[in-house]
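Raw contents of upload-v8.pdb, PDB, C-alpha atoms, pLDDT in the B column:
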ATOM      1  CA  MET A  28     130.489 -27.706  98.388  1.00 82.00           C
ATOM      2  CA  SER A  29     128.006 -26.585  95.736  1.00 88.00           C
ATOM      3  CA  ASN A  30     125.430 -29.008  94.401  1.00 93.00           C
ATOM      4  CA  ILE A  31     127.341 -29.213  91.104  1.00 97.00           C
ATOM      5  CA  GLU A  32     130.551 -30.202  92.886  1.00 93.00           C
ATOM      6  CA  LYS A  33     128.673 -33.135  94.444  1.00 92.00           C
ATOM      7  CA  ALA A  34     128.407 -34.644  90.936  1.00 96.00           C
ATOM      8  CA  PHE A  35     132.166 -35.176  91.112  1.00 96.00           C
ATOM      9  CA  ALA A  36     132.234 -36.521  94.676  1.00 93.00           C
ATOM     10  CA  ASN A  37     131.964 -40.218  93.694  1.00 87.00           C
ATOM     11  CA  GLY A  38     134.744 -40.481  91.146  1.00 92.00           C
ATOM     12  CA  LYS A  39     134.775 -39.379  87.531  1.00 95.00           C
ATOM     13  CA  ALA A  40     131.606 -37.590  86.430  1.00 97.00           C
ATOM     14  CA  PHE A  41     129.705 -38.353  83.245  1.00 97.00           C
ATOM     15  CA  ILE A  42     127.888 -35.242  82.027  1.00 97.00           C
ATOM     16  CA  ALA A  43     125.135 -35.747  79.455  1.00 98.00           C
ATOM     17  CA  PHE A  44     123.960 -32.940  77.183  1.00 96.00           C
ATOM     18  CA  LEU A  45     120.512 -32.895  75.569  1.00 97.00           C
ATOM     19  CA  THR A  46     118.732 -30.211  73.554  1.00 97.00           C
ATOM     20  CA  CYS A  47     115.370 -29.479  75.172  1.00 98.00           C
ATOM     21  CA  GLY A  48     112.471 -30.267  72.872  1.00 98.00           C
ATOM     22  CA  ASP A  49     114.283 -32.432  70.338  1.00 97.00           C
ATOM     23  CA  PRO A  50     112.197 -34.188  69.133  1.00 97.00           C
ATOM     24  CA  ASP A  51     109.730 -33.055  71.835  1.00 98.00           C
ATOM     25  CA  LEU A  52     109.777 -32.246  75.542  1.00 98.00           C
ATOM     26  CA  GLU A  53     108.265 -35.603  76.584  1.00 98.00           C
ATOM     27  CA  THR A  54     111.143 -37.426  74.888  1.00 98.00           C
ATOM     28  CA  THR A  55     113.650 -35.013  76.466  1.00 98.00           C
ATOM     29  CA  ALA A  56     112.254 -35.861  79.914  1.00 98.00           C
ATOM     30  CA  ALA A  57     112.375 -39.608  79.231  1.00 98.00           C
ATOM     31  CA  ALA A  58     115.948 -39.353  77.875  1.00 98.00           C
ATOM     32  CA  VAL A  59     117.107 -37.385  80.934  1.00 98.00           C
ATOM     33  CA  ARG A  60     115.659 -40.043  83.221  1.00 98.00           C
ATOM     34  CA  ALA A  61     117.257 -42.835  81.168  1.00 98.00           C
ATOM     35  CA  ALA A  62     120.631 -41.058  81.331  1.00 98.00           C
ATOM     36  CA  VAL A  63     120.411 -40.611  85.117  1.00 98.00           C
ATOM     37  CA  GLU A  64     119.246 -44.199  85.709  1.00 98.00           C
ATOM     38  CA  ASN A  65     122.290 -45.403  83.777  1.00 98.00           C
ATOM     39  CA  GLY A  66     124.908 -43.361  85.598  1.00 97.00           C
ATOM     40  CA  ALA A  67     124.861 -39.742  84.366  1.00 98.00           C
ATOM     41  CA  ASP A  68     126.133 -37.608  87.253  1.00 98.00           C
ATOM     42  CA  LEU A  69     125.127 -34.221  85.867  1.00 98.00           C
ATOM     43  CA  ILE A  70     122.672 -33.160  83.162  1.00 98.00           C
ATOM     44  CA  GLU A  71     123.318 -30.253  80.812  1.00 98.00           C
ATOM     45  CA  LEU A  72     120.101 -29.023  79.206  1.00 98.00           C
ATOM     46  CA  GLY A  73     120.479 -26.998  76.030  1.00 97.00           C
ATOM     47  CA  ILE A  74     117.964 -24.192  75.557  1.00 97.00           C
ATOM     48  CA  PRO A  75     117.457 -23.914  71.793  1.00 95.00           C
ATOM     49  CA  PHE A  76     118.582 -20.721  70.097  1.00 91.00           C
ATOM     50  CA  SER A  77     118.346 -19.690  66.441  1.00 88.00           C
ATOM     51  CA  ASP A  78     122.059 -18.852  66.185  1.00 82.00           C
ATOM     52  CA  PRO A  79     123.985 -21.344  68.369  1.00 72.00           C
ATOM     53  CA  THR A  80     127.507 -20.212  67.475  1.00 69.00           C
ATOM     54  CA  ALA A  81     129.366 -22.816  69.560  1.00 63.00           C
ATOM     55  CA  GLU A  82     127.498 -25.748  68.080  1.00 70.00           C
ATOM     56  CA  GLY A  83     128.327 -28.021  65.186  1.00 75.00           C
ATOM     57  CA  PRO A  84     125.763 -29.246  62.643  1.00 85.00           C
ATOM     58  CA  VAL A  85     124.325 -32.018  64.851  1.00 87.00           C
ATOM     59  CA  ILE A  86     123.295 -29.734  67.728  1.00 90.00           C
ATOM     60  CA  GLN A  87     122.438 -26.851  65.377  1.00 89.00           C
ATOM     61  CA  SER A  88     119.920 -29.142  63.670  1.00 92.00           C
ATOM     62  CA  ALA A  89     118.539 -30.195  67.064  1.00 94.00           C
ATOM     63  CA  ASN A  90     118.066 -26.502  67.958  1.00 92.00           C
ATOM     64  CA  MET A  91     116.103 -25.899  64.761  1.00 94.00           C
ATOM     65  CA  ARG A  92     113.932 -29.007  65.227  1.00 95.00           C
ATOM     66  CA  ALA A  93     113.118 -27.956  68.789  1.00 96.00           C
ATOM     67  CA  LEU A  94     112.299 -24.363  67.797  1.00 95.00           C
ATOM     68  CA  ASP A  95     110.197 -25.569  64.857  1.00 96.00           C
ATOM     69  CA  GLY A  96     108.354 -27.788  67.335  1.00 96.00           C
ATOM     70  CA  GLY A  97     107.342 -24.738  69.354  1.00 97.00           C
ATOM     71  CA  VAL A  98     109.642 -25.025  72.360  1.00 97.00           C
ATOM     72  CA  THR A  99     109.771 -21.932  74.564  1.00 97.00           C
ATOM     73  CA  ILE A 100     111.770 -21.038  77.675  1.00 98.00           C
ATOM     74  CA  ASP A 101     108.637 -21.229  79.815  1.00 98.00           C
ATOM     75  CA  LYS A 102     107.923 -24.746  78.553  1.00 98.00           C
ATOM     76  CA  ILE A 103     111.520 -25.695  79.369  1.00 98.00           C
ATOM     77  CA  PHE A 104     111.156 -24.349  82.918  1.00 98.00           C
ATOM     78  CA  ASP A 105     107.996 -26.487  83.232  1.00 98.00           C
ATOM     79  CA  LEU A 106     110.000 -29.492  81.988  1.00 98.00           C
ATOM     80  CA  VAL A 107     112.599 -28.931  84.738  1.00 98.00           C
ATOM     81  CA  ARG A 108     109.874 -28.602  87.395  1.00 98.00           C
ATOM     82  CA  GLU A 109     108.513 -31.956  86.256  1.00 98.00           C
ATOM     83  CA  LEU A 110     111.972 -33.582  86.187  1.00 98.00           C
ATOM     84  CA  ARG A 111     112.736 -32.337  89.690  1.00 98.00           C
ATOM     85  CA  ARG A 112     109.915 -34.472  91.092  1.00 98.00           C
ATOM     86  CA  ASP A 113     112.262 -37.457  90.894  1.00 98.00           C
ATOM     87  CA  ILE A 114     115.645 -36.349  89.443  1.00 98.00           C
ATOM     88  CA  GLU A 115     118.144 -35.334  92.114  1.00 97.00           C
ATOM     89  CA  VAL A 116     121.411 -35.058  90.164  1.00 98.00           C
ATOM     90  CA  PRO A 117     122.648 -31.520  89.459  1.00 98.00           C
ATOM     91  CA  MET A 118     121.349 -29.881  86.285  1.00 98.00           C
ATOM     92  CA  VAL A 119     122.700 -26.892  84.385  1.00 98.00           C
ATOM     93  CA  PHE A 120     121.394 -24.929  81.425  1.00 98.00           C
ATOM     94  CA  MET A 121     123.565 -24.294  78.397  1.00 96.00           C
ATOM     95  CA  THR A 122     122.369 -21.450  76.233  1.00 95.00           C
ATOM     96  CA  TYR A 123     123.414 -18.068  74.864  1.00 93.00           C
ATOM     97  CA  ALA A 124     123.588 -14.626  76.460  1.00 94.00           C
ATOM     98  CA  ASN A 125     120.952 -13.297  74.067  1.00 93.00           C
ATOM     99  CA  VAL A 126     118.423 -15.884  75.269  1.00 96.00           C
ATOM    100  CA  VAL A 127     118.884 -14.752  78.873  1.00 97.00           C
ATOM    101  CA  PHE A 128     118.814 -11.051  77.935  1.00 95.00           C
ATOM    102  CA  SER A 129     115.645 -11.307  75.881  1.00 95.00           C
ATOM    103  CA  TYR A 130     113.816 -13.254  78.599  1.00 98.00           C
ATOM    104  CA  GLY A 131     115.038 -10.759  81.208  1.00 98.00           C
ATOM    105  CA  ALA A 132     118.191 -11.696  83.113  1.00 98.00           C
ATOM    106  CA  GLU A 133     116.755 -11.452  86.632  1.00 98.00           C
ATOM    107  CA  ARG A 134     113.536 -13.192  85.641  1.00 98.00           C
ATOM    108  CA  PHE A 135     115.511 -15.983  83.960  1.00 98.00           C
ATOM    109  CA  ILE A 136     118.014 -16.524  86.783  1.00 98.00           C
ATOM    110  CA  SER A 137     115.440 -16.265  89.584  1.00 98.00           C
ATOM    111  CA  THR A 138     113.283 -18.835  87.765  1.00 98.00           C
ATOM    112  CA  CYS A 139     116.347 -21.107  87.503  1.00 98.00           C
ATOM    113  CA  LYS A 140     116.449 -21.040  91.301  1.00 98.00           C
ATOM    114  CA  ASP A 141     112.686 -21.639  91.583  1.00 98.00           C
ATOM    115  CA  VAL A 142     112.840 -24.764  89.405  1.00 98.00           C
ATOM    116  CA  GLN A 143     116.014 -25.994  91.192  1.00 98.00           C
ATOM    117  CA  MET A 144     118.535 -25.620  88.394  1.00 98.00           C
ATOM    118  CA  ASP A 145     122.110 -25.531  89.676  1.00 98.00           C
ATOM    119  CA  GLY A 146     124.117 -23.712  87.041  1.00 98.00           C
ATOM    120  CA  LEU A 147     124.292 -21.809  83.792  1.00 98.00           C
ATOM    121  CA  ILE A 148     126.769 -22.146  80.890  1.00 97.00           C
ATOM    122  CA  LEU A 149     126.907 -19.314  78.332  1.00 96.00           C
ATOM    123  CA  PRO A 150     129.554 -20.215  75.739  1.00 91.00           C
ATOM    124  CA  ASP A 151     129.335 -16.834  74.014  1.00 91.00           C
ATOM    125  CA  LEU A 152     129.886 -14.842  77.220  1.00 93.00           C
ATOM    126  CA  PRO A 153     133.523 -13.718  77.390  1.00 90.00           C
ATOM    127  CA  PHE A 154     135.113 -14.130  80.809  1.00 91.00           C
ATOM    128  CA  GLU A 155     135.762 -10.385  80.902  1.00 90.00           C
ATOM    129  CA  GLU A 156     132.049  -9.665  80.511  1.00 93.00           C
ATOM    130  CA  LYS A 157     130.659 -12.130  83.023  1.00 94.00           C
ATOM    131  CA  GLU A 158     129.741  -9.283  85.397  1.00 95.00           C
ATOM    132  CA  GLU A 159     126.656  -8.916  83.187  1.00 94.00           C
ATOM    133  CA  PHE A 160     125.268 -12.025  84.903  1.00 97.00           C
ATOM    134  CA  GLN A 161     127.542 -12.938  87.834  1.00 96.00           C
ATOM    135  CA  PRO A 162     125.896 -10.761  90.538  1.00 97.00           C
ATOM    136  CA  LEU A 163     122.428 -12.119  89.698  1.00 98.00           C
ATOM    137  CA  CYS A 164     123.723 -15.702  89.629  1.00 98.00           C
ATOM    138  CA  ARG A 165     125.310 -15.206  93.058  1.00 97.00           C
ATOM    139  CA  GLN A 166     122.139 -13.597  94.392  1.00 98.00           C
ATOM    140  CA  TYR A 167     120.051 -16.605  93.386  1.00 98.00           C
ATOM    141  CA  GLY A 168     122.621 -19.331  94.091  1.00 97.00           C
ATOM    142  CA  ILE A 169     123.192 -20.353  90.468  1.00 98.00           C
ATOM    143  CA  ASP A 170     126.778 -21.294  89.510  1.00 98.00           C
ATOM    144  CA  LEU A 171     127.943 -19.441  86.393  1.00 98.00           C
ATOM    145  CA  VAL A 172     130.135 -22.113  84.815  1.00 97.00           C
ATOM    146  CA  SER A 173     133.237 -20.824  83.002  1.00 96.00           C
ATOM    147  CA  LEU A 174     134.844 -22.339  79.922  1.00 94.00           C
ATOM    148  CA  VAL A 175     138.518 -22.531  79.018  1.00 92.00           C
ATOM    149  CA  ALA A 176     139.700 -23.378  75.525  1.00 86.00           C
ATOM    150  CA  PRO A 177     143.104 -24.285  74.046  1.00 82.00           C
ATOM    151  CA  THR A 178     143.336 -20.632  72.971  1.00 82.00           C
ATOM    152  CA  SER A 179     142.793 -19.328  76.529  1.00 82.00           C
ATOM    153  CA  GLU A 180     146.535 -19.802  77.247  1.00 78.00           C
ATOM    154  CA  ASN A 181     147.646 -17.168  79.798  1.00 83.00           C
ATOM    155  CA  ARG A 182     144.014 -16.549  80.820  1.00 91.00           C
ATOM    156  CA  ILE A 183     143.468 -20.129  82.038  1.00 92.00           C
ATOM    157  CA  ALA A 184     144.836 -19.403  85.530  1.00 93.00           C
ATOM    158  CA  MET A 185     142.707 -16.273  85.887  1.00 94.00           C
ATOM    159  CA  ILE A 186     139.529 -18.047  84.745  1.00 95.00           C
ATOM    160  CA  ALA A 187     140.256 -21.055  86.991  1.00 95.00           C
ATOM    161  CA  LYS A 188     140.739 -18.863  90.085  1.00 96.00           C
ATOM    162  CA  GLU A 189     137.197 -17.531  89.749  1.00 95.00           C
ATOM    163  CA  ALA A 190     135.529 -20.761  88.603  1.00 95.00           C
ATOM    164  CA  GLU A 191     132.245 -21.906  90.124  1.00 95.00           C
ATOM    165  CA  GLY A 192     130.559 -25.309  90.084  1.00 97.00           C
ATOM    166  CA  PHE A 193     132.924 -26.919  87.613  1.00 97.00           C
ATOM    167  CA  LEU A 194     135.256 -25.699  84.913  1.00 97.00           C
ATOM    168  CA  TYR A 195     134.305 -26.669  81.366  1.00 96.00           C
ATOM    169  CA  ILE A 196     137.450 -27.427  79.335  1.00 94.00           C
ATOM    170  CA  VAL A 197     136.859 -27.240  75.590  1.00 90.00           C
ATOM    171  CA  SER A 198     138.870 -30.094  74.071  1.00 82.00           C
ATOM    172  CA  SER A 199     139.632 -28.569  70.710  1.00 68.00           C
ATOM    173  CA  LEU A 200     139.152 -25.527  68.543  1.00 57.00           C
ATOM    174  CA  GLY A 201     135.953 -25.106  66.595  1.00 46.00           C
ATOM    175  CA  VAL A 202     132.414 -26.135  67.398  1.00 44.00           C
ATOM    176  CA  THR A 203     130.807 -29.086  69.182  1.00 44.00           C
ATOM    177  CA  GLY A 204     130.598 -32.410  67.372  1.00 41.00           C
ATOM    178  CA  THR A 205     132.013 -35.895  67.461  1.00 43.00           C
ATOM    179  CA  ARG A 206     135.683 -36.233  66.502  1.00 39.00           C
ATOM    180  CA  SER A 207     137.692 -39.310  65.628  1.00 41.00           C
ATOM    181  CA  GLU A 208     140.713 -37.939  67.477  1.00 46.00           C
ATOM    182  CA  ILE A 209     141.355 -35.223  70.057  1.00 42.00           C
ATOM    183  CA  ARG A 210     144.837 -33.836  69.589  1.00 51.00           C
ATOM    184  CA  THR A 211     144.944 -30.920  72.020  1.00 58.00           C
ATOM    185  CA  ASP A 212     147.477 -31.078  74.861  1.00 79.00           C
ATOM    186  CA  LEU A 213     144.776 -31.169  77.511  1.00 88.00           C
ATOM    187  CA  SER A 214     147.043 -32.404  80.312  1.00 89.00           C
ATOM    188  CA  SER A 215     148.896 -29.099  80.442  1.00 89.00           C
ATOM    189  CA  ILE A 216     145.609 -27.141  80.550  1.00 91.00           C
ATOM    190  CA  VAL A 217     144.350 -29.321  83.419  1.00 94.00           C
ATOM    191  CA  GLU A 218     147.663 -28.844  85.221  1.00 93.00           C
ATOM    192  CA  VAL A 219     147.240 -25.045  85.152  1.00 92.00           C
ATOM    193  CA  VAL A 220     143.643 -25.427  86.347  1.00 94.00           C
ATOM    194  CA  ARG A 221     144.713 -27.668  89.246  1.00 95.00           C
ATOM    195  CA  GLN A 222     147.341 -25.122  90.331  1.00 94.00           C
ATOM    196  CA  ASN A 223     144.707 -22.413  90.605  1.00 95.00           C
ATOM    197  CA  THR A 224     141.494 -23.973  91.882  1.00 96.00           C
ATOM    198  CA  ASP A 225     140.022 -26.947  93.751  1.00 95.00           C
ATOM    199  CA  ILE A 226     136.892 -26.755  91.583  1.00 96.00           C
ATOM    200  CA  PRO A 227     136.491 -29.920  89.454  1.00 97.00           C
ATOM    201  CA  CYS A 228     137.075 -29.688  85.703  1.00 97.00           C
ATOM    202  CA  ALA A 229     135.446 -31.704  82.921  1.00 97.00           C
ATOM    203  CA  ILE A 230     136.336 -31.963  79.242  1.00 95.00           C
ATOM    204  CA  GLY A 231     133.789 -31.557  76.456  1.00 91.00           C
ATOM    205  CA  PHE A 232     133.493 -31.048  72.667  1.00 85.00           C
ATOM    206  CA  GLY A 233     134.183 -34.047  70.448  1.00 82.00           C
ATOM    207  CA  ILE A 234     133.865 -36.922  72.928  1.00 88.00           C
ATOM    208  CA  SER A 235     131.761 -39.771  71.562  1.00 89.00           C
ATOM    209  CA  THR A 236     133.422 -43.149  72.151  1.00 91.00           C
ATOM    210  CA  PRO A 237     134.071 -45.037  75.408  1.00 90.00           C
ATOM    211  CA  GLU A 238     137.823 -44.893  74.636  1.00 91.00           C
ATOM    212  CA  GLN A 239     137.712 -41.089  74.393  1.00 90.00           C
ATOM    213  CA  ALA A 240     135.622 -40.823  77.569  1.00 91.00           C
ATOM    214  CA  LYS A 241     138.086 -43.017  79.454  1.00 92.00           C
ATOM    215  CA  LYS A 242     141.030 -40.962  78.212  1.00 91.00           C
ATOM    216  CA  MET A 243     139.403 -37.618  79.116  1.00 91.00           C
ATOM    217  CA  ALA A 244     138.342 -38.918  82.525  1.00 93.00           C
ATOM    218  CA  GLY A 245     141.921 -40.044  83.073  1.00 94.00           C
ATOM    219  CA  ILE A 246     143.143 -36.489  82.513  1.00 94.00           C
ATOM    220  CA  SER A 247     140.326 -34.555  84.225  1.00 96.00           C
ATOM    221  CA  ASP A 248     137.419 -35.025  86.658  1.00 97.00           C
ATOM    222  CA  GLY A 249     134.821 -35.881  84.041  1.00 96.00           C
ATOM    223  CA  ALA A 250     133.655 -36.019  80.439  1.00 96.00           C
ATOM    224  CA  ILE A 251     130.858 -34.084  78.747  1.00 95.00           C
ATOM    225  CA  VAL A 252     129.057 -35.751  75.839  1.00 94.00           C
ATOM    226  CA  GLY A 253     126.504 -33.987  73.654  1.00 90.00           C
ATOM    227  CA  SER A 254     126.522 -34.624  69.911  1.00 91.00           C
ATOM    228  CA  ALA A 255     126.647 -38.420  70.255  1.00 93.00           C
ATOM    229  CA  ILE A 256     123.512 -38.340  72.469  1.00 96.00           C
ATOM    230  CA  VAL A 257     121.751 -35.820  70.223  1.00 96.00           C
ATOM    231  CA  LYS A 258     122.454 -38.115  67.221  1.00 95.00           C
ATOM    232  CA  LEU A 259     120.595 -40.937  69.005  1.00 97.00           C
ATOM    233  CA  LEU A 260     117.609 -38.641  69.566  1.00 97.00           C
ATOM    234  CA  GLU A 261     117.673 -37.621  65.918  1.00 96.00           C
ATOM    235  CA  LYS A 262     117.881 -41.238  64.746  1.00 97.00           C
ATOM    236  CA  TYR A 263     115.364 -42.908  67.066  1.00 98.00           C
ATOM    237  CA  GLY A 264     112.983 -40.073  67.975  1.00 97.00           C
ATOM    238  CA  ALA A 265     110.484 -41.058  70.668  1.00 97.00           C
ATOM    239  CA  ASP A 266     112.234 -44.448  71.025  1.00 98.00           C
ATOM    240  CA  ALA A 267     115.600 -42.815  71.724  1.00 98.00           C
ATOM    241  CA  PRO A 268     115.568 -42.843  75.567  1.00 98.00           C
ATOM    242  CA  GLU A 269     116.247 -46.598  75.657  1.00 98.00           C
ATOM    243  CA  TYR A 270     119.270 -46.132  73.368  1.00 98.00           C
ATOM    244  CA  VAL A 271     120.455 -43.091  75.336  1.00 98.00           C
ATOM    245  CA  GLY A 272     120.364 -45.165  78.510  1.00 98.00           C
ATOM    246  CA  LYS A 273     122.443 -47.970  76.984  1.00 98.00           C
ATOM    247  CA  TYR A 274     124.942 -45.470  75.556  1.00 97.00           C
ATOM    248  CA  VAL A 275     125.376 -43.625  78.879  1.00 97.00           C
ATOM    249  CA  LYS A 276     125.857 -46.948  80.676  1.00 97.00           C
ATOM    250  CA  SER A 277     128.616 -47.991  78.237  1.00 96.00           C
ATOM    251  CA  MET A 278     130.400 -44.632  78.685  1.00 95.00           C
ATOM    252  CA  LYS A 279     130.075 -44.556  82.469  1.00 95.00           C
ATOM    253  CA  GLU A 280     131.392 -48.123  82.825  1.00 94.00           C
ATOM    254  CA  VAL A 281     134.726 -47.288  81.205  1.00 93.00           C
ATOM    255  CA  MET A 282     135.020 -44.010  83.119  1.00 92.00           C
ATOM    256  CA  ILE A 283     134.731 -45.768  86.451  1.00 85.00           C
ATOM    257  CA  LYS A 284     137.951 -47.580  85.540  1.00 77.00           C
ATOM    258  CA  ALA A 285     139.738 -44.381  84.391  1.00 67.00           C
TER     259      ALA A 285
END

Can I see the file as structure tokens?
Amino acid sequence: MSNIEKAFANGKAFIAFLTCGDPDLETTAAAVRAAVENGADLIELGIPFSDPTAEGPVIQSANMRALDGGVTIDKIFDLVRELRRDIEVPMVFMTYANVVFSYGAERFISTCKDVQMDGLILPDLPFEEKEEFQPLCRQYGIDLVSLVAPTSENRIAMIAKEAEGFLYIVSSLGVTGTRSEIRTDLSSIVEVVRQNTDIPCAIGFGISTPEQAKKMAGISDGAIVGSAIVKLLEKYGADAPEYVGKYVKSMKEVMIKA
């Protein structure tokens, strides 16, 4: 069992996404700790990028604030080193292929191992092109997390068969962001996943309320929440960790009953 899979070992997993450096790295660290203390089972750290194609306006704005604040990949690696002094839950990076390429793929992935990251999510990396990074990820023990979307259709089985860590199911078409309603037939996607892999699957994109989290956890092995947490950081700034903690607690409580 990989470290990421352990996040799903005690029931439904709550996965919290934060953009590194929004509003600053100290607040990111405090918010991660608050999320973990209040039940987050896995942390997804967004590395800011100037053209985050999968993101909606909330996370796009967070990327720009972080970049304007002078965040760099090296500073983010230092942040993870500091977090790993007391944070034991699995952590994965979410960023874009270009970020990894420009840093140097082997340098990036080997440093992920050095700082004890567990996985990497690249939403703009097509499944058919994952060989660009897969061998290096395997070499350094980093799970390359695959995504399936409602449009994946006949490719879902193929992607599921080769999944590592967990499978990220995109709830709906379009970009990240909170949604009042999620209409996709996710049960049938999860069914195909279950037929093809034992790897856990979690649903993300658009989940913001406890009711949505409970529903998604009922269908899958976990829920991923980003924009709703990023909104708290935007609203409360350095005071946000306290609010992030309360929010994560409210989401995790309903998921336990899912």

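Candidate residues A:Ala57, A:Gly245, A:Ala43, A:Thr138 were compared for distance to Asp113 in chain A, and the nearest is A:Ala57, using all atoms listed in the file.
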
### Query
Can you tell me how far CA of Leu94 in chain A sits from CA of Asn65 in chain A, in Å to one decimal?
28.2 Å

### Query
Can you list, as number ranges by chain, every protein, DNA or RNA residue that comes within 7 Å of Val175 in chain A when you count only C-alpha atoms, leaving out same-chain residues fewer than 3 positions away?
A: 179, 183, 195-197

### Task
Please provide as a PyMOL selection string all residues within 12 Å of Ser129 in chain A, with the sequence filter that same-chain residues fewer than 5 positions apart are discarded (counting all atoms listed in the file).
chain A and resi 76+100+123-124+134-135

Starting from the displayed file, determine the output of the PyMOL selection byres ((chain A and resi 97-99) around 9) and express the residue list as a PDB file with C-alpha atoms, in the frame of the given file.
ATOM      1  CA  CYS A  47     115.370 -29.479  75.172  1.00 98.00           C
ATOM      2  CA  GLY A  48     112.471 -30.267  72.872  1.00 98.00           C
ATOM      3  CA  ASP A  49     114.283 -32.432  70.338  1.00 97.00           C
ATOM      4  CA  ASP A  51     109.730 -33.055  71.835  1.00 98.00           C
ATOM      5  CA  LEU A  52     109.777 -32.246  75.542  1.00 98.00           C
ATOM      6  CA  ILE A  74     117.964 -24.192  75.557  1.00 97.00           C
ATOM      7  CA  PRO A  75     117.457 -23.914  71.793  1.00 95.00           C
ATOM      8  CA  ARG A  92     113.932 -29.007  65.227  1.00 95.00           C
ATOM      9  CA  ALA A  93     113.118 -27.956  68.789  1.00 96.00           C
ATOM     10  CA  LEU A  94     112.299 -24.363  67.797  1.00 95.00           C
ATOM     11  CA  ASP A  95     110.197 -25.569  64.857  1.00 96.00           C
ATOM     12  CA  GLY A  96     108.354 -27.788  67.335  1.00 96.00           C
ATOM     13  CA  ILE A 100     111.770 -21.038  77.675  1.00 98.00           C
ATOM     14  CA  ASP A 101     108.637 -21.229  79.815  1.00 98.00           C
ATOM     15  CA  LYS A 102     107.923 -24.746  78.553  1.00 98.00           C
ATOM     16  CA  ILE A 103     111.520 -25.695  79.369  1.00 98.00           C
ATOM     17  CA  PHE A 104     111.156 -24.349  82.918  1.00 98.00           C
TER      18      PHE A 104
END

### Task
Determine the nearest neighbour of Leu69 in chain A from the options A:Thr224, A:Ser173, A:Ser88, A:Asn30, counting only C-alpha atoms.
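Distance minimum relative to Leu69 in chain A lands on A:Asn30.
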
#### Entry: Residues matched by the PyMOL selection byres ((chain A and resi 237) around 8), written as a ChimeraX atom specification
/A:235-236,238-241,277-278,281-282

### Query
Could you spell out the hits of the PyMOL selection byres ((chain A and resi 265) around 12) on the shown file, as a PyMOL selection string?
chain A and resi 48-58+259-264+266-271
